[in-house]
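For reference, my_file33.cif is printed below; it contains mmCIF, C-alpha atoms.
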data_query
loop_
_atom_site.label_atom_id
_atom_site.label_comp_id
_atom_site.auth_asym_id
_atom_site.auth_seq_id
_atom_site.Cartn_x
_atom_site.Cartn_y
_atom_site.Cartn_z
CA MET A 1 8.83 -13.15 32.91
CA LYS A 2 9.05 -9.80 31.04
CA GLU A 3 5.73 -8.35 29.91
CA LEU A 4 5.48 -7.72 26.16
CA PRO A 5 4.53 -4.25 24.86
CA HIS A 6 0.76 -4.17 24.50
CA THR A 7 -2.36 -2.07 24.64
CA THR A 8 -5.78 -3.02 25.94
CA GLU A 9 -8.71 -3.12 23.53
CA TRP A 10 -12.16 -4.04 24.90
CA GLY A 11 -10.47 -5.45 28.00
CA ILE A 12 -8.13 -7.70 26.01
CA ALA A 13 -4.34 -7.29 25.89
CA VAL A 14 -3.27 -6.73 22.29
CA ALA A 15 0.39 -6.76 21.23
CA GLU A 16 1.79 -3.48 19.90
CA PRO A 17 2.42 -3.48 16.11
CA SER A 18 6.19 -3.35 16.62
CA GLU A 19 6.01 -6.46 18.81
CA VAL A 20 3.89 -8.34 16.28
CA LEU A 21 6.40 -7.43 13.56
CA ARG A 22 9.28 -8.65 15.75
CA GLN A 23 7.51 -11.97 16.20
CA ILE A 24 6.73 -12.58 12.52
CA SER A 25 9.92 -11.17 10.97
CA PRO A 26 11.94 -14.41 11.25
CA VAL A 27 9.40 -16.33 9.14
CA PHE A 28 7.92 -13.72 6.76
CA SER A 29 9.62 -12.62 3.55
CA GLU A 30 10.55 -8.97 3.12
CA ASN A 31 7.58 -8.41 0.78
CA GLU A 32 5.20 -10.12 3.21
CA LEU A 33 6.47 -7.86 5.98
CA ILE A 34 5.92 -4.82 3.74
CA ALA A 35 2.32 -5.93 3.20
CA VAL A 36 1.76 -6.29 6.96
CA ILE A 37 3.36 -2.90 7.68
CA GLU A 38 1.25 -1.23 5.00
CA ALA A 39 -1.87 -2.89 6.40
CA LEU A 40 -1.01 -1.49 9.83
CA CYS A 41 -0.30 1.99 8.42
CA GLY A 42 -3.14 2.23 5.93
CA PRO A 43 -6.93 2.27 5.69
CA TRP A 44 -7.35 -1.42 4.79
CA SER A 45 -9.87 -2.17 7.52
CA GLY A 46 -11.11 1.30 8.44
CA PRO A 47 -9.63 4.72 9.07
CA ALA A 48 -5.85 4.78 9.25
CA ASP A 49 -4.14 5.66 12.54
CA ASP A 50 -2.22 8.81 11.55
CA ASP A 51 0.29 8.20 14.36
CA LEU A 52 1.21 4.77 13.02
CA THR A 53 3.69 5.11 10.15
CA PRO A 54 6.57 2.96 8.90
CA GLY A 55 8.90 5.64 10.27
CA ARG A 56 7.32 5.50 13.75
CA ILE A 57 7.54 1.70 13.80
CA GLN A 58 11.16 2.02 12.61
CA GLU A 59 11.95 4.24 15.63
CA VAL A 60 10.55 1.65 18.04
CA VAL A 61 12.40 -1.21 16.32
CA ASP A 62 15.68 0.76 16.17
CA ASN A 63 15.49 1.51 19.90
CA GLY A 64 15.21 -2.18 20.70
CA ARG A 65 17.64 -5.05 20.66
CA MET A 66 18.60 -7.14 17.65
CA PHE A 67 16.37 -10.16 17.11
CA PRO A 68 15.96 -12.89 14.49
CA GLY A 69 14.70 -11.23 11.32
CA SER A 70 15.54 -7.69 12.47
CA ARG A 71 17.59 -6.88 9.35
CA ARG A 72 14.76 -8.08 7.10
CA LEU A 73 12.23 -6.06 9.11
CA ARG A 74 14.36 -2.91 8.91
CA LYS A 75 14.65 -3.29 5.11
CA ALA A 76 10.88 -3.84 4.87
CA LEU A 77 10.22 -0.73 6.96
CA GLU A 78 12.38 1.33 4.59
CA ARG A 79 10.34 0.11 1.60
CA ALA A 80 6.88 0.32 3.22
CA ARG A 81 4.58 3.27 2.56
CA SER A 82 1.72 4.82 4.52
CA GLY A 83 -1.74 5.23 3.05
CA VAL A 84 -1.80 2.13 0.84
CA GLY A 85 -5.46 1.11 0.48
CA SER A 86 -5.29 -2.65 -0.02
CA PRO A 87 -2.96 -5.66 -0.14
CA ARG A 88 -3.31 -5.78 -3.94
CA GLU A 89 -2.07 -2.19 -4.18
CA THR A 90 0.98 -3.21 -2.13
CA TRP A 91 1.70 -6.17 -4.39
CA LEU A 92 1.17 -4.06 -7.53
CA ARG A 93 3.67 -1.43 -6.34
CA LEU A 94 6.22 -4.11 -5.38
CA GLU A 95 5.78 -5.88 -8.75
CA LEU A 96 6.35 -2.67 -10.68
CA VAL A 97 9.55 -1.97 -8.74
CA ALA A 98 10.68 -5.59 -9.22
CA CYS A 99 10.25 -5.04 -12.97
CA CYS A 100 12.77 -2.16 -12.74
CA LEU A 101 10.14 0.55 -13.14
CA PRO A 102 10.39 3.66 -10.97
CA GLU A 103 8.46 3.42 -7.72
CA PRO A 104 5.02 5.03 -8.03
CA VAL A 105 3.75 7.51 -5.44
CA VAL A 106 0.99 6.30 -3.11
CA GLY A 107 -2.14 8.46 -2.91
CA HIS A 108 -0.87 11.58 -4.72
CA ALA A 109 -3.43 14.42 -4.81
CA VAL A 110 -4.74 15.23 -8.31
CA MET A 111 -7.07 18.18 -8.90
CA THR A 112 -9.82 17.11 -11.32
CA PRO A 113 -13.10 18.62 -12.54
CA ILE A 114 -14.92 16.75 -9.74
CA GLY A 115 -12.46 17.78 -7.02
CA GLU A 116 -9.29 16.40 -5.52
CA LEU A 117 -8.79 12.69 -6.15
CA HIS A 118 -6.06 10.36 -4.92
CA PRO A 119 -5.18 7.52 -7.30
CA ASP A 120 -3.94 4.33 -5.70
CA LEU A 121 -0.55 4.78 -7.35
CA ALA A 122 0.79 7.59 -9.52
CA TYR A 123 3.69 8.55 -11.72
CA VAL A 124 3.31 12.26 -11.06
CA ASP A 125 5.69 13.73 -13.65
CA ALA A 126 4.16 11.61 -16.43
CA LYS A 127 0.59 12.17 -15.14
CA VAL A 128 -0.17 8.46 -15.02
CA ALA A 129 -2.61 7.12 -12.42
CA LEU A 130 -2.97 3.44 -11.55
CA GLU A 131 -6.22 2.31 -9.98
CA TYR A 132 -6.42 -1.23 -8.60
CA GLU A 133 -9.94 -2.58 -8.83
CA GLY A 134 -10.92 -5.67 -6.89
CA ASP A 135 -14.03 -7.73 -7.48
CA HIS A 136 -16.30 -5.36 -5.54
CA HIS A 137 -15.38 -2.61 -8.02
CA ARG A 138 -17.16 -4.71 -10.66
CA SER A 139 -19.98 -6.28 -8.67
CA ASP A 140 -21.20 -3.23 -6.72
CA ASP A 141 -23.19 -0.90 -8.98
CA TRP A 142 -22.37 2.24 -6.99
CA GLN A 143 -18.64 1.40 -6.85
CA PHE A 144 -18.55 0.60 -10.56
CA SER A 145 -20.18 3.95 -11.47
CA HIS A 146 -17.93 5.79 -9.01
CA ASP A 147 -14.81 4.22 -10.56
CA LEU A 148 -15.92 5.18 -14.08
CA GLU A 149 -16.43 8.76 -12.92
CA ARG A 150 -12.97 8.81 -11.28
CA SER A 151 -11.32 7.43 -14.41
CA THR A 152 -13.05 10.04 -16.57
CA ALA A 153 -12.09 12.80 -14.14
CA PHE A 154 -8.42 11.79 -14.21
CA GLN A 155 -8.51 11.85 -18.02
CA ALA A 156 -10.22 15.26 -18.06
CA ALA A 157 -7.41 16.55 -15.81
CA GLY A 158 -4.84 15.41 -18.40
CA TRP A 159 -3.87 12.16 -16.70
CA ILE A 160 -3.75 8.66 -18.16
CA CYS A 161 -5.69 6.31 -15.90
CA ILE A 162 -4.72 2.64 -16.03
CA ARG A 163 -7.28 0.42 -14.32
CA VAL A 164 -5.74 -2.80 -13.05
CA GLY A 165 -7.49 -5.99 -11.96
CA LYS A 166 -6.50 -9.27 -10.35
CA LYS A 167 -6.54 -11.28 -13.59
CA MET A 168 -4.20 -8.91 -15.46
CA SER A 169 -0.71 -10.29 -15.91
CA THR A 170 2.26 -8.33 -14.66
CA SER A 171 3.65 -8.23 -18.20
CA ARG A 172 0.41 -6.64 -19.49
CA ILE A 173 0.40 -4.04 -16.71
CA VAL A 174 4.08 -3.24 -17.35
CA ALA A 175 3.44 -2.90 -21.10
CA LEU A 176 0.51 -0.51 -20.53
CA LEU A 177 2.49 1.48 -18.01
CA ALA A 178 5.64 1.62 -20.16
CA ALA A 179 3.58 2.94 -23.10
CA ALA A 180 1.97 5.57 -20.87
CA LEU A 181 5.31 6.64 -19.40
CA ASP A 182 6.84 6.90 -22.89
CA ARG A 183 4.14 9.23 -24.26
#

Using the file provided, produce a representation of the structure as structure tokens.
Amino acid sequence: MKELPHTTEWGIAVAEPSEVLRQISPVFSENELIAVIEALCGPWSGPADDDLTPGRIQEVVDNGRMFPGSRRLRKALERARSGVGSPRETWLRLELVACCLPEPVVGHAVMTPIGELHPDLAYVDAKVALEYEGDHHRSDDWQFSHDLERSTAFQAAGWICIRVGKKMSTSRIVALLAAALDR
């Protein structure tokens, strides 16, 4: 029996990301695959592995054989981005694109009065920042204050900062974003 590509972590064999993606691609949707790829290539659960990018995974997949779901996985890899900070940021970006809005940039550097900040998503030419705020952004006092300071800093740098939460409807987010992009 052929051994699957793996690494060893704490004495346990762990499948390589490309192998995991091969195994799940027949049953996951393209958007679900994008979310998994972005989780692998982003700081969701700690510091991101700079060597692991959608492009690097694409190289490994392209050098392999065809398999069930390989076309879907290749399309997902083309649409996945590095540096996405959370699953909700992935879904927000995919929703905006599905609504025929231009794709926002992930983690663009913005110089502000408090230093360089990186909004979750940005429309650079229009100077519009989107910040996704999960429940901990509201319930943790330090995080809440930090987010207010970031929002104010973006505004002071001439950017519109749209703060998005889980309960906001896609139509509301699109309306706010369309108004900001039209200014």

Contact residues around range 147-157 of chain A with all atoms listed in the file at 12 Å, ignoring same-chain residues under 5 positions, as a ChimeraX atom specification
/A:109-120,122,127-134,136-142,162-164

For this file, the PyMOL selection byres ((chain A and resi 16) around 12) selects which residues, as a PyMOL selection string?
chain A and resi 3-9+13-15+17-23+40+52+57+60-61

For the selection you just gave me, I'd like the residues written to a file as a PDB file, keeping the file's coordinate frame, keeping C-alpha atoms.
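Heads up, here's the output in selection_27.pdb:
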ATOM      1  CA  GLU A   3       5.730  -8.350  29.910  1.00  0.00           C
ATOM      2  CA  LEU A   4       5.480  -7.720  26.160  1.00  0.00           C
ATOM      3  CA  PRO A   5       4.530  -4.250  24.860  1.00  0.00           C
ATOM      4  CA  HIS A   6       0.760  -4.170  24.500  1.00  0.00           C
ATOM      5  CA  THR A   7      -2.360  -2.070  24.640  1.00  0.00           C
ATOM      6  CA  THR A   8      -5.780  -3.020  25.940  1.00  0.00           C
ATOM      7  CA  GLU A   9      -8.710  -3.120  23.530  1.00  0.00           C
ATOM      8  CA  ALA A  13      -4.340  -7.290  25.890  1.00  0.00           C
ATOM      9  CA  VAL A  14      -3.270  -6.730  22.290  1.00  0.00           C
ATOM     10  CA  ALA A  15       0.390  -6.760  21.230  1.00  0.00           C
ATOM     11  CA  PRO A  17       2.420  -3.480  16.110  1.00  0.00           C
ATOM     12  CA  SER A  18       6.190  -3.350  16.620  1.00  0.00           C
ATOM     13  CA  GLU A  19       6.010  -6.460  18.810  1.00  0.00           C
ATOM     14  CA  VAL A  20       3.890  -8.340  16.280  1.00  0.00           C
ATOM     15  CA  LEU A  21       6.400  -7.430  13.560  1.00  0.00           C
ATOM     16  CA  ARG A  22       9.280  -8.650  15.750  1.00  0.00           C
ATOM     17  CA  GLN A  23       7.510 -11.970  16.200  1.00  0.00           C
ATOM     18  CA  LEU A  40      -1.010  -1.490   9.830  1.00  0.00           C
ATOM     19  CA  LEU A  52       1.210   4.770  13.020  1.00  0.00           C
ATOM     20  CA  ILE A  57       7.540   1.700  13.800  1.00  0.00           C
ATOM     21  CA  VAL A  60      10.550   1.650  18.040  1.00  0.00           C
ATOM     22  CA  VAL A  61      12.400  -1.210  16.320  1.00  0.00           C
TER      23      VAL A  61
END

Applying 10 Å and only C-alpha atoms, which residues near Leu77 in chain A remain after dropping the ones on its own chain fewer than 2 positions away? List them as a PyMOL selection string.
chain A and resi 30+33-34+37-38+53-58+61+71-75+79-81

Report the distance between CA of Phe144 in chain A and CA of Thr170 in chain A in Å, rounded to one decimal place.
23.0 Å

Given all atoms listed in the file as the basis, pick out the residue of A:Ala126, A:Val84, A:Met66, A:Val27 nearest to Cys161 in chain A.
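Nearest candidate to Cys161 in chain A out of A:Ala126, A:Val84, A:Met66, A:Val27: A:Ala126.
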